[in-house]
Each structure stands twice: as C-alpha cells, then as structure tokens.
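Data first, discussion second: the structure below is written as structure tokens.
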Amino acid sequence: MSFNEVTVRERIRAALTPRLTEMGLTQADVGDGMSLTQSGVLDSFALMELIGRLEQDLHVELDFEAVEPEQFTTVKGLAAAFVKALTA
Amino acid sequence: MTVSSPAPDHLWTYFERAWRAAPDRTALHVEGRGWSYDELAARALAVSDAVRRHGGGGPFVGLHAHRSIGAYAGVLGILHAGKAYVPLNPQLPVDRLDTITGLADLDLIVADALREASAHGLAARRNHACEVIVAGEALGADAPALGGREAYMLFTSGSTGMPKGVPISHANVVAYVEHLLERFTPGPEDRFSQTFELTFDLSVHDLFVCWAAGACLYVLPQDQMMAPARFIREHGITQWFSVPSAAVLMDRMRLLKPGAFPSLRVSAFCGEPLPADLAVKWASAAPNGRVENLYGPTEATIAITGHVLDAAAPKARHGILSIGRPFPGARVRVVDADGNDAEEGELWLGGPQLSTGYWKDPERTRAAFVTPGPEQERYYRTGDHVQRDADGDLFFISRLDDQVKVRGHRIELQEVNQVLKAVSGGAFAYALAHPVRDGIAQGIEAFLPLAVQAHGAAILEACARRLPDYMVPARLHFTDEIPYTTSGKADLRALRARLEEPARSGDR
C-alpha cells in the first residue's frame with residue numbers, strides 16, 4: 001500500500017473524527033494548517049495518543065528529532081512528517 | 001557574588017545586584033532576542049514609573065502579558081513600584097480573568113504590547129475605574145525601589161466554585177531563593193529554562209533564582225512547549241525546571257536518549273508526582289547533571305521539600321519518587337486522623353515560606369492555616385496524604401479531598417462540578433481525573449444526567465468559556481445510574497471503575 005500526503009491526511013482526519021464530534025465541530029472547522037493544540041481541539045497528551053495510534057496503523061515511527069515542534073501540531077505538518085518517515 | 005550577599009528584603013534587590021555587577025550581561029532571552037540586564041532594567045523602570053504615577057490604593061496590579069519582554073519588565077516594574085503582581089494569563093477565558101480582576105479588586109492592569117486591547121476589555125468590565133498601562137518601548141530612569149509586603153498573588157481552584165487568592169510576600173520568596181542559591185549553586189554562566197506560566201508560582205523560581213545568580217533566562221516559545229528537546233540543545237540550557245508531564249511527552253517522542261542533553265547541570269521537576277523510572281531516564285539523558293524532585297503548594301511558596309535522585313537506587317513508593325525532606329528553616333509535620341504526629345498522615349507545613357492565608361477569606365484561611373498546641377506555630381494543612389520513612393524522606397501517596405492535579409495544575413473537582421451543573425442545568429455533575437497514567441492524571445472526565453445528553457457539545461463549549469482549558473472535561477458520560485456510598489455520597493471509586501470498562505453506550 002502506498003501513502004502520499006493526501007491519503008495520510010485522510011487517515012489523520014479519520015482519527016480526529018470522534019474528538020471533533022465530541023466538541024460539536026466538523027472537519028470543515030479544522031484547517032490543514034491550524035494548530036490542533038493551540039486551538040484546543042486536542043491537548044498535548046491527546047495529540048501524542050493520536051500520533052501513537054497513527055504510528056501503529058502505518059507501521060512507522062516519526063523522527064521527532066527532525067520534526068519542528070510547531071509542525072506536528074497541524075494536520076498538514078503531521079501528514080508531511082509521516083510521509084517523510086514512510087518514504088525514508 | 002550572591003553567595004556572600006546578605007538576604008535582601010525585596011525581590012528587586014536580587015535583580016539590581018546582578019544588574020549593577022554586569023549591566024551588559026544578557027538577563028533574558030525571549031521572542032527570539034536577548035535583553036541585557038541594562039535593557040531589561042530600563043524597561044522595568046518605565047513600568048514602575050507609570051505604576052507609581054497612577055498611584056492607586058490597592059496592593060495589587062494585574063499583569064496581562066505572556067512570554068514577552070513586557071511580561072518580564074512588567075513583573076520587575078510592578079515590584080519596583082512597591083506593588084504585588086496578579087498574573088492575568090491571556091490563555092485563560094475572559095470570564096475567569098474578569099473574576100480574578102474583581103476578587104483582587106484591581107484598579108490597574110499592566111499589559112504587554114500585544115494585549116493592550118484585551119486589557120482594555122478587562123478594564124471596561126470593571127464598574128469602578130481600572131486603568132491600563134502598556135509595558136512597551138519606554139525606558140525609565142534609575143530610582144530606588146518602593147517597599148511592599150506582598151510580591152504576588154495567585155489564584156488556585158476553589159471547592160466552592162470560586163478561585164482562591166494566595167498572597168505571597170517578598171519575605172516568603174526570599175526564604176525560598178536563599179535556599180535555592182545554596183542548593184542549585186547557580187552562577188552568571190547558567191542558562192535557565194522558563195517553562196512555567198506566570199500563573200504558576202514555579203515561574204517565580206525561574207525568574208528570581210536566575211536573576212539572583214546574574215544568569216540568563218530562556219523563555220520557551222508557546223509552540224515549543226510540547227517538545228522542548230531542541231530548545232534545550234540549541235540554547236545550551238544548564239538549569240531545567242518543568243512539570244514531569246513535559247518529560248512524559250518527551251519520553252513518548254523517544255527524545256530522552258542517553259546523553260541527549262549534555263549541557264544540563266540541574267534538572268528539577270515539580271507540580272505533580274514524578275515517576276521514578278521517568279526520572280532515571282531523564283538522568284541518563286542529562287548525564288552531566290543531577291535530577292531533583294521538588295514539592296510544595298502555592299500556599300507555602302514555590303517548593304518546600306526536595307529530593308536528589310539516586311539513579312542507581314531511586315527512592316520511590318508505588319513507582320513515584322520521594323519528595324524528600326523539608327528545606328532548612330521549613331517545618332514539617334505528618335499528622336494522623338487524631339491530630340498526632342505519625343509516620344503516615346496529612347502533611348502540615350510551617351516556617352518562613354508560609355502565606356498569611358487566602359485573600360479576604362478568613363473562613364477558608366481558618367480551615368487551612370492552623371495553630372495547634374501551645375507552641376503557637378502556624379501550619380498549613382496541605383490535604384496531601386504522605387508517608388515518612390526512617391531516614392525522614394517523605395512520599396506523596398494521595399489527596400485527602402477532591403483536589404486533583406492535571407499536568408501540574410491544581411484542580412478542585414467541586415469547582416468543575418459547580419460549573420458543569422450551572423451550564424448544563426442537570427441535577428448532578430461528578431468530575432473525575434481520568435485517565436491516570438504513570439501516576440499522572442491526563443485530564444478530566446465527568447458524569448451528567450441523561451436528560452442533558454443532547455446538549456453535550458454546548459455544555460463543553462460553555463465550560464471552555466468559564467474554565468481554564470485544563471479544567472474543561474475531555475469527555476462527558478451520561479447516565480442516570482449513579483452509585484452511592486453508604487454515607488449517601490456519590491461513589492467516585494465505582495464511577496472510576498466504569499471509566500476503566502470498554503466503551504459504553506451513552507458516552508460521547
């Protein structure tokens with residue numbers, strides 16, 4: 001199975017859905033470049049849980065040394081980090 | 001320099017000594033640039049000048065600023081003017097800030113350049129006159145500092161639904177700083193982290209232990225708080241201080257690799273239980289320094305007991321590292337249910353770091369600050385259940401009441417319940433800290449009646465407008481079947497057990 005940023009973004013968004021429903025939000029409310037932590041969608045622990053689940057699903061580990069901290073709090077940045085790890 | 005200097009009676013004196021000794025040395029690194037002691041002093045003196053010209057009768061001045069030059073010039077300037085600062089963290093909901101502004105009876109707010117408009121918004125919500133000063137580019141002239149009793153007042157979660165103000169004096173903080181100068185032996189070459197919000201008293205350690213040593217304070221930008229590993233390396237941080245949660249996150253990101261942080265000389269943790277295995281991992285990542293676990297409630301100023309990790313043989317109970325022994329000058333009692341000294345019981349604290357009590361709240365002050373026996377010594381009852389071993393080392397075991405810690409923040413579950421009931425209109429609300437991992441609570445979940453289930457999202461939204469984000473439940477559960485104990489109280493243990501079960505219908 002091959003992944004690109006579009007398919008990984010879809011995975012991330014699917015994983016976010018339960019939380020968005022809980023908050024009365026829709027996917028349209030969350031922009032690709034919006035910080036999930038600073039906007040209050042997820043706290044830092046919930047974000048790490050989400051990343052952990054995606055790592056298991058995609059059978060890959062992110063290199064947090066290489067990712068800018070402000071990058072992996074957005075859908076876009078996280079997808080890019082996963083694609084980089086998957087194609088490494 | 002500082003080691004031989006006598007203890008001052010004003011926090012400004014710590015800063016001033018370092019400033020006079022080396023005016024060109026960097027005091028602060030914030031928003032991507034460095035500020036020398038001279039530059040920071042000039043900004044602070046301008047704030048002081050404006051505060052003094054405002055006059056005002058109250059002892060407190062609000063500080064509406066965040067991780068900016070204005071925030072640090074604001075702290076120093078307010079103190080120099082003989083007033084105590086009350087942090088009004090822009091990350092808190094406006095309603096919460098409004099409550100604090102009212103409780104502290106603020107007639108003046110110092111704002112940084114970015115928060116001028118929202119400070120005016122807060123001031124406008126006051127019926128009586130409340131003015132705003134901007135800590136901007138103005139430079140003030142040298143002038144002697146005015147004396148004042150209190151240095152700051154912080155608001156902690158209160159069980160009746162209203163936050164409690166805890167005033168802390170210059171003398172309280174000086175007692176702490178004097179010990180830390182001996183304990184952590186900081187010097188002008190040190191580089192201190194500044195992770196804590198000003199609303200958290202551990203930030204006072206960052207600022208004043210650093211400046212008392214003539215060292216430089218490195219303020220973590222908000223977007224790097226989650227993964228500060230790179231920040232530590234890039235700036236060669238030598239003195240790290242954070243909640244254990246920060247280390248938990250770094251560990252999950254696999255960033256605590258052996259030797260990762262060679263620059264760290266002291267790594268201190270405080271604010272919540274420190275898992276022993278996490279502390280050992282951190283010690284291997286910071287092989288050139290030591291790891292300290294500090295403990296203390298806001299009421300006893302920053303921290304009042306401490307323990308140095310022995311990585312080869314960590315001293316822990318239930319996997320949680322010891323909180324160690326009292327600082328010199330502090331008094332500690334472990335008191336059982338009958339009021340007798342014991343090896344296990346409630347921790348009582350006394351000594352020069354003790355606050356006078358809750359602001360304008362004699363009733364809650366009487367309940368928490370006690371003077372038992374004929375010796376007339378004042379103690380603060382922490383509500384923390386501890387054990388003491390034969391060496392005199394203390395171990396935090398649990399809370400005796402409904403107070404919990406989420407990522408270092410102190411939360412009265414009763415306060416969350418009150419807000420939940422008010423915004424939902426439901427007959428009951430029971431909040432719990434959940435999940436708890438490695439002894440650290442990760443968030444709040446709450447039980448509400450089925451009747452309000454349709455409004456779940458709106459209830460959470462209303463909570464977010466009234467409560468700090470760490471007090472807003474991450475998840476609501478709806479049920480009409482609340483288990484009760486024989487004394488008629490909701491059986492929180494049974495409710496917690498339900499949360500451990502796999503997903504139940506009716507949850508959202």
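The way I read the labels, and the way they are meant: chains A, B, ... in the order of the structure tokens, residue 1 as the first residue of every chain, and ligand 1 as the first ligand shown, with later ones counted on from there.
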Using 12 Å as the limit and counting only C-alpha atoms, can you tabulate each residue of chain A that touches chain B, with its shortest atom-to-atom distance in Å and the two atoms involved, as a tab-separated table?
```
residue	atom	partner	partner_atom	distance
A:Pro18	CA	B:Arg508	CA	8.5
A:Arg19	CA	B:Arg508	CA	9.0
A:Leu20	CA	B:Ala457	CA	9.7
A:Thr21	CA	B:Ala457	CA	8.1
A:Glu22	CA	B:Arg508	CA	5.9
A:Met23	CA	B:Ala457	CA	5.1
A:Gly24	CA	B:Ala457	CA	5.0
A:Leu25	CA	B:Ala457	CA	8.6
A:Thr26	CA	B:Ala457	CA	11.9
A:Ser35	CA	B:Asp223	CA	9.1
A:Leu36	CA	B:Asp223	CA	11.2
A:Thr37	CA	B:Asp223	CA	9.1
A:Gln38	CA	B:Asp223	CA	8.2
A:Ser39	CA	B:Asp469	CA	10.6
A:Gly40	CA	B:Asp469	CA	7.6
A:Val41	CA	B:Ala474	CA	9.8
A:Leu42	CA	B:Ala474	CA	8.9
A:Asp43	CA	B:Tyr470	CA	8.6
A:Ser44	CA	B:Met226	CA	6.5
A:Phe45	CA	B:Gln442	CA	7.0
A:Ala46	CA	B:Gln442	CA	8.6
A:Leu47	CA	B:Met226	CA	10.0
A:Met48	CA	B:Leu249	CA	7.4
A:Glu49	CA	B:Arg252	CA	9.3
A:Leu50	CA	B:Arg252	CA	11.8
A:Ile51	CA	B:Met253	CA	9.6
A:Gly52	CA	B:Arg252	CA	8.6
A:Glu55	CA	B:Met253	CA	11.4
A:Glu61	CA	B:Met253	CA	9.3
A:Leu62	CA	B:Met253	CA	8.1
A:Asp63	CA	B:Met253	CA	8.0
A:Phe64	CA	B:Met253	CA	6.0
A:Glu65	CA	B:Leu255	CA	7.1
A:Ala66	CA	B:Arg230	CA	9.4
A:Val67	CA	B:Ala227	CA	9.8
A:Glu68	CA	B:Gln224	CA	8.5
A:Pro69	CA	B:Gln224	CA	5.5
A:Glu70	CA	B:Asp223	CA	5.2
A:Gln71	CA	B:Asp223	CA	9.0
A:Phe72	CA	B:Ala227	CA	10.0
A:Thr73	CA	B:Asp223	CA	8.8
A:Thr74	CA	B:Asp223	CA	11.4
```
Resulting file, chosen residues, C-alpha atoms, as a compact mmCIF listing (two decimals), in the first residue's frame:
```txt
# COMPACT_ATOMS: atom_id res chain seq x y z
CA PRO A 18 -14.58 11.17 17.31
CA ARG A 19 -12.96 14.14 19.07
CA LEU A 20 -14.50 16.64 16.65
CA THR A 21 -17.95 15.11 17.14
CA GLU A 22 -17.46 15.39 20.89
CA MET A 23 -16.70 19.09 20.53
CA GLY A 24 -19.61 19.74 18.15
CA LEU A 25 -17.17 20.53 15.35
CA THR A 26 -16.99 19.27 11.76
CA SER A 35 -2.63 24.07 15.38
CA LEU A 36 -4.63 21.27 16.97
CA THR A 37 -3.22 22.04 20.41
CA GLN A 38 -3.41 25.83 20.45
CA SER A 39 -6.96 25.76 19.05
CA GLY A 40 -7.99 23.48 21.92
CA VAL A 41 -9.07 20.53 19.73
CA LEU A 42 -6.51 18.30 21.46
CA ASP A 43 -4.24 18.78 24.44
CA SER A 44 -0.63 17.73 24.09
CA PHE A 45 -1.26 14.29 25.63
CA ALA A 46 -4.22 13.59 23.35
CA LEU A 47 -2.13 14.64 20.37
CA MET A 48 0.60 12.18 21.40
CA GLU A 49 -2.06 9.43 21.73
CA LEU A 50 -3.26 10.25 18.22
CA ILE A 51 0.28 10.16 16.83
CA GLY A 52 0.91 6.86 18.65
CA GLU A 55 2.31 5.16 14.10
CA GLU A 61 7.84 5.76 13.84
CA LEU A 62 8.21 9.51 13.47
CA ASP A 63 11.61 11.03 14.00
CA PHE A 64 10.75 13.76 16.50
CA GLU A 65 14.34 14.99 16.41
CA ALA A 66 13.80 16.02 12.80
CA VAL A 67 10.28 17.46 13.06
CA GLU A 68 9.85 21.08 14.09
CA PRO A 69 7.72 21.10 17.27
CA GLU A 70 5.27 23.59 15.80
CA GLN A 71 4.91 21.38 12.70
CA PHE A 72 3.41 18.22 14.15
CA THR A 73 0.52 20.03 15.80
CA THR A 74 -1.15 20.61 12.40
```
- Message: Residues of range 283-380 of chain B classed as alpha helix (DSSP H) by DSSP on the backbone are to be reported as a PyMOL selection string.
- Response: chain B and resi 283-285+362-368
- Quick one: distance from CA of Asp32 in chain A to CA of Ala88 in chain A in Å, one decimal?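 Interatomic distance here is 23.1 Å.
The smallest atom-to-atom distance between Ala84 in chain B and any of B:Glu292, B:Glu150, B:Glu197, B:Glu178, using only C-alpha atoms, is found for B:Glu150.
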I'd like a table as a Markdown table: residues in range 299-345 of chain B with an atom no more than 10 Å from range 390-398 of chain B, each row giving the shortest atom pair and its distance in Å to one decimal, only C-alpha atoms counted, sorted by chain and rising residue number.
```
| residue | atom | partner | partner_atom | distance |
| --- | --- | --- | --- | --- |
| B:Thr305 | CA | B:Leu394 | CA | 8.6 |
| B:Gly306 | CA | B:Leu394 | CA | 9.2 |
| B:His307 | CA | B:Asp393 | CA | 8.1 |
| B:Lys315 | CA | B:Asp393 | CA | 8.9 |
| B:Ala316 | CA | B:Phe395 | CA | 7.5 |
| B:Arg317 | CA | B:Phe395 | CA | 6.8 |
| B:His318 | CA | B:Ile397 | CA | 8.3 |
| B:Ile320 | CA | B:Phe396 | CA | 7.9 |
| B:Leu321 | CA | B:Phe395 | CA | 7.3 |
| B:Ser322 | CA | B:Phe395 | CA | 4.8 |
| B:Ile323 | CA | B:Leu394 | CA | 5.5 |
| B:Gly324 | CA | B:Asp393 | CA | 4.6 |
| B:Arg325 | CA | B:Asp393 | CA | 5.3 |
| B:Pro326 | CA | B:Asp393 | CA | 8.8 |
| B:Val332 | CA | B:Leu394 | CA | 9.9 |
| B:Val334 | CA | B:Leu394 | CA | 9.2 |
| B:Glu343 | CA | B:Ala390 | CA | 8.7 |
| B:Glu344 | CA | B:Phe395 | CA | 9.3 |
| B:Gly345 | CA | B:Ile397 | CA | 9.4 |
```
Keeping N, CA and C atoms for every residue in the selection just given, could you write it to a file as a CSV table (one decimal), in the first residue's frame?
```
chain,number,residue,atom,x,y,z
B,305,THR,N,10.0,21.1,50.0
B,305,THR,CA,10.8,19.9,50.2
B,305,THR,C,11.5,19.5,48.9
B,306,GLY,N,12.5,18.7,49.0
B,306,GLY,CA,13.2,18.3,47.8
B,306,GLY,C,14.0,17.1,48.0
B,307,HIS,N,14.2,16.4,46.9
B,307,HIS,CA,14.9,15.1,46.9
B,307,HIS,C,15.8,15.0,45.7
B,315,LYS,N,14.8,6.2,45.2
B,315,LYS,CA,13.9,6.1,46.4
B,315,LYS,C,12.5,6.4,46.0
B,316,ALA,N,11.7,5.3,45.9
B,316,ALA,CA,10.3,5.5,45.5
B,316,ALA,C,9.3,4.6,46.2
B,317,ARG,N,8.1,5.1,46.2
B,317,ARG,CA,7.0,4.2,46.7
B,317,ARG,C,5.9,4.2,45.6
B,318,HIS,N,5.4,3.0,45.3
B,318,HIS,CA,4.4,2.9,44.2
B,318,HIS,C,4.9,3.5,42.9
B,320,ILE,N,6.6,6.1,42.5
B,320,ILE,CA,6.7,7.6,42.5
B,320,ILE,C,7.9,8.0,43.4
B,321,LEU,N,8.7,8.8,42.8
B,321,LEU,CA,9.9,9.3,43.5
B,321,LEU,C,9.6,10.0,44.8
B,322,SER,N,10.4,9.9,45.8
B,322,SER,CA,10.3,10.6,47.1
B,322,SER,C,10.3,12.1,46.8
B,323,ILE,N,9.5,12.8,47.7
B,323,ILE,CA,9.6,14.3,47.6
B,323,ILE,C,10.6,14.8,48.6
B,324,GLY,N,11.3,13.9,49.3
B,324,GLY,CA,12.5,14.3,50.1
B,324,GLY,C,12.2,14.9,51.4
B,325,ARG,N,13.0,15.8,51.8
B,325,ARG,CA,13.0,16.4,53.1
B,325,ARG,C,12.7,17.9,53.0
B,326,PRO,N,12.3,18.5,54.2
B,326,PRO,CA,12.0,19.9,54.2
B,326,PRO,C,13.3,20.7,54.0
B,332,VAL,N,7.9,20.7,59.1
B,332,VAL,CA,7.0,19.7,58.5
B,332,VAL,C,6.5,18.8,59.6
B,334,VAL,N,3.8,15.3,60.0
B,334,VAL,CA,2.9,14.3,59.4
B,334,VAL,C,1.9,14.0,60.5
B,343,GLU,N,3.9,8.4,61.2
B,343,GLU,CA,4.7,8.1,60.1
B,343,GLU,C,3.9,8.2,58.8
B,344,GLU,N,2.6,8.2,58.9
B,344,GLU,CA,1.7,8.4,57.8
B,344,GLU,C,0.5,9.2,58.1
B,345,GLY,N,0.2,10.2,57.2
B,345,GLY,CA,-1.0,11.0,57.5
B,345,GLY,C,-0.9,12.3,56.6
```
- Query: Pick the closest to Ala494 in chain B from B:Pro473, B:Tyr430, B:Ala462, B:Gly55: which is it, counting only C-alpha atoms?
  - Reply: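 Residue with the minimum atom-to-atom distance to Ala494 in chain B: B:Tyr430.
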- Compile the contact shell of Asp38 in chain B as a list in words: residues with an atom at most 10 Å away, counting only C-alpha atoms, same-chain residues fewer than 3 positions apart removed. Glu16, Ala18, Trp19, Arg20, Ala22, Pro23, Asp24, Arg25, Thr26, Ala27, Trp35, Ala41, Ala42, Arg43 and Ala44 of chain B
- Query: Contacts of range 6-15 of chain A at 8 Å or less, counting only C-alpha atoms, minus same-chain residues fewer than 2 places along, as a list in words?
  - Reply: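 Those residues are Phe3, Asn4, Thr17, Pro18, Gln27, Leu50, Leu54, Val75, Lys76, Ala79, Phe82 and Val83 of chain A.
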- Task: For range 159-169 of chain B, please output as JSON, numbers by chain all residues within 9 Å (counting only C-alpha atoms; exclusion window: fewer than 6 positions along the same chain).
- Result: {"B": [84, 96, 99, 100, 103, 104, 148, 149, 150, 151, 152, 153, 298, 299, 300, 301, 353, 354, 355, 356, 357, 358, 359, 360, 361, 364, 402, 403, 411, 412, 413, 414, 415, 416, 417, 418, 419]}
Filtering to N, CA, C and O atoms, could you give me those residues as a tab-separated table (two decimals), in the first residue's frame?
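New file selection.tsv:
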```tsv
chain	number	residue	atom	x	y	z
B	84	ALA	N	2.30	44.38	44.30
B	84	ALA	CA	2.38	42.95	44.04
B	84	ALA	C	1.66	42.66	42.72
B	84	ALA	O	0.63	43.28	42.44
B	96	ARG	N	-12.98	34.11	33.41
B	96	ARG	CA	-12.10	33.75	34.53
B	96	ARG	C	-11.24	34.96	34.91
B	96	ARG	O	-11.07	35.28	36.08
B	99	THR	N	-13.28	37.44	36.76
B	99	THR	CA	-13.48	37.03	38.15
B	99	THR	C	-12.27	37.39	39.01
B	99	THR	O	-12.41	37.94	40.10
B	100	ILE	N	-11.08	37.07	38.49
B	100	ILE	CA	-9.85	37.33	39.25
B	100	ILE	C	-9.64	38.84	39.43
B	100	ILE	O	-9.31	39.31	40.52
B	103	LEU	N	-11.97	39.80	42.19
B	103	LEU	CA	-11.59	39.30	43.52
B	103	LEU	C	-10.38	40.06	44.07
B	103	LEU	O	-10.29	40.32	45.26
B	104	ALA	N	-9.42	40.38	43.18
B	104	ALA	CA	-8.21	41.09	43.64
B	104	ALA	C	-8.45	42.59	43.71
B	104	ALA	O	-7.56	43.34	44.13
B	148	GLY	N	7.13	46.98	49.73
B	148	GLY	CA	5.76	46.50	49.81
B	148	GLY	C	5.80	45.16	50.51
B	148	GLY	O	6.84	44.50	50.52
B	149	ARG	N	4.69	44.75	51.11
B	149	ARG	CA	4.70	43.47	51.80
B	149	ARG	C	4.61	42.31	50.82
B	149	ARG	O	5.49	41.47	50.75
B	150	GLU	N	3.53	42.32	50.00
B	150	GLU	CA	3.31	41.19	49.10
B	150	GLU	C	4.08	41.36	47.80
B	150	GLU	O	4.29	42.49	47.33
B	151	ALA	N	4.47	40.22	47.20
B	151	ALA	CA	5.17	40.24	45.92
B	151	ALA	C	4.24	39.83	44.77
B	151	ALA	O	4.32	40.35	43.68
B	152	TYR	N	3.39	38.85	45.03
B	152	TYR	CA	2.44	38.42	44.00
B	152	TYR	C	1.25	37.76	44.67
B	152	TYR	O	1.29	37.40	45.85
B	153	MET	N	0.17	37.62	43.90
B	153	MET	CA	-0.97	36.84	44.38
B	153	MET	C	-1.44	35.96	43.22
B	153	MET	O	-1.68	36.43	42.12
B	298	THR	N	1.23	26.21	46.52
B	298	THR	CA	1.30	27.66	46.35
B	298	THR	C	1.33	28.37	47.70
B	298	THR	O	2.05	29.35	47.88
B	299	GLU	N	0.55	27.85	48.67
B	299	GLU	CA	0.42	28.48	49.99
B	299	GLU	C	1.74	28.51	50.76
B	299	GLU	O	1.89	29.27	51.71
B	300	ALA	N	2.69	27.64	50.38
B	300	ALA	CA	3.99	27.60	51.06
B	300	ALA	C	5.12	28.02	50.12
B	300	ALA	O	6.27	27.68	50.35
B	301	THR	N	4.78	28.77	49.06
B	301	THR	CA	5.76	29.42	48.18
B	301	THR	C	6.63	28.46	47.38
B	301	THR	O	7.67	27.98	47.87
B	353	GLN	N	8.16	30.37	54.66
B	353	GLN	CA	7.59	30.42	53.31
B	353	GLN	C	6.06	30.44	53.31
B	353	GLN	O	5.43	30.48	52.26
B	354	LEU	N	5.46	30.41	54.52
B	354	LEU	CA	4.01	30.29	54.61
B	354	LEU	C	3.28	31.59	54.32
B	354	LEU	O	3.59	32.62	54.90
B	355	SER	N	2.28	31.54	53.43
B	355	SER	CA	1.42	32.69	53.16
B	355	SER	C	0.62	33.03	54.42
B	355	SER	O	0.42	32.19	55.30
B	356	THR	N	0.14	34.29	54.49
B	356	THR	CA	-0.70	34.68	55.62
B	356	THR	C	-2.09	34.07	55.53
B	356	THR	O	-2.83	34.07	56.51
B	357	GLY	N	-2.46	33.57	54.34
B	357	GLY	CA	-3.79	32.96	54.18
B	357	GLY	C	-4.47	33.47	52.93
B	357	GLY	O	-3.89	34.23	52.17
B	358	TYR	N	-5.72	33.02	52.72
B	358	TYR	CA	-6.43	33.36	51.50
B	358	TYR	C	-6.94	34.79	51.54
B	358	TYR	O	-7.40	35.26	52.58
B	359	TRP	N	-6.84	35.45	50.41
B	359	TRP	CA	-7.18	36.86	50.28
B	359	TRP	C	-8.66	37.09	50.61
B	359	TRP	O	-9.53	36.49	49.98
B	360	LYS	N	-8.90	37.91	51.61
B	360	LYS	CA	-10.26	38.28	52.01
B	360	LYS	C	-11.16	37.07	52.22
B	360	LYS	O	-12.31	37.06	51.77
B	361	ASP	N	-10.61	36.01	52.80
B	361	ASP	CA	-11.40	34.79	53.02
B	361	ASP	C	-11.02	34.17	54.36
B	361	ASP	O	-10.38	33.12	54.42
B	364	ARG	N	-11.99	30.25	54.97
B	364	ARG	CA	-11.16	29.21	54.39
B	364	ARG	C	-9.73	29.29	54.91
B	364	ARG	O	-9.02	28.28	54.97
B	402	ASP	N	-11.04	16.27	47.21
B	402	ASP	CA	-11.37	16.19	45.80
B	402	ASP	C	-10.40	16.97	44.92
B	402	ASP	O	-10.71	17.28	43.78
B	403	GLN	N	-9.25	17.35	45.48
B	403	GLN	CA	-8.31	18.10	44.66
B	403	GLN	C	-7.51	17.11	43.81
B	403	GLN	O	-7.04	16.10	44.30
B	411	ILE	N	-6.56	21.34	40.67
B	411	ILE	CA	-7.98	21.47	40.34
B	411	ILE	C	-8.84	20.92	41.48
B	411	ILE	O	-8.63	19.80	41.93
B	412	GLU	N	-9.80	21.73	41.94
B	412	GLU	CA	-10.81	21.23	42.86
B	412	GLU	C	-11.94	20.67	42.00
B	412	GLU	O	-12.60	21.41	41.27
B	413	LEU	N	-12.18	19.36	42.12
B	413	LEU	CA	-13.22	18.77	41.28
B	413	LEU	C	-14.58	19.41	41.58
B	413	LEU	O	-15.44	19.50	40.72
B	414	GLN	N	-14.75	19.86	42.82
B	414	GLN	CA	-16.01	20.52	43.19
B	414	GLN	C	-16.25	21.76	42.34
B	414	GLN	O	-17.39	22.09	42.01
B	415	GLU	N	-15.17	22.46	42.00
B	415	GLU	CA	-15.33	23.67	41.19
B	415	GLU	C	-15.80	23.29	39.78
B	415	GLU	O	-16.67	23.94	39.20
B	416	VAL	N	-15.23	22.20	39.24
B	416	VAL	CA	-15.66	21.72	37.92
B	416	VAL	C	-17.12	21.29	38.00
B	416	VAL	O	-17.94	21.63	37.12
B	417	ASN	N	-17.48	20.58	39.07
B	417	ASN	CA	-18.87	20.13	39.23
B	417	ASN	C	-19.85	21.30	39.26
B	417	ASN	O	-20.92	21.25	38.65
B	418	GLN	N	-19.47	22.33	40.01
B	418	GLN	CA	-20.35	23.51	40.12
B	418	GLN	C	-20.62	24.13	38.76
B	418	GLN	O	-21.75	24.47	38.42
B	419	VAL	N	-19.55	24.28	37.98
B	419	VAL	CA	-19.69	24.90	36.66
B	419	VAL	C	-20.51	23.99	35.74
B	419	VAL	O	-21.40	24.45	35.03
```
- Message: What does the structure give for the distance between CA of Gly296 in chain B and CA of Leu92 in chain B, in Å to one decimal?
- Response: 23.4 Å
- Message: Report, in Å with one decimal, the straight-line distance from CA of Lys257 in chain B to CA of Val209 in chain B.
- Response: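 Those two atoms sit 28.3 Å apart.
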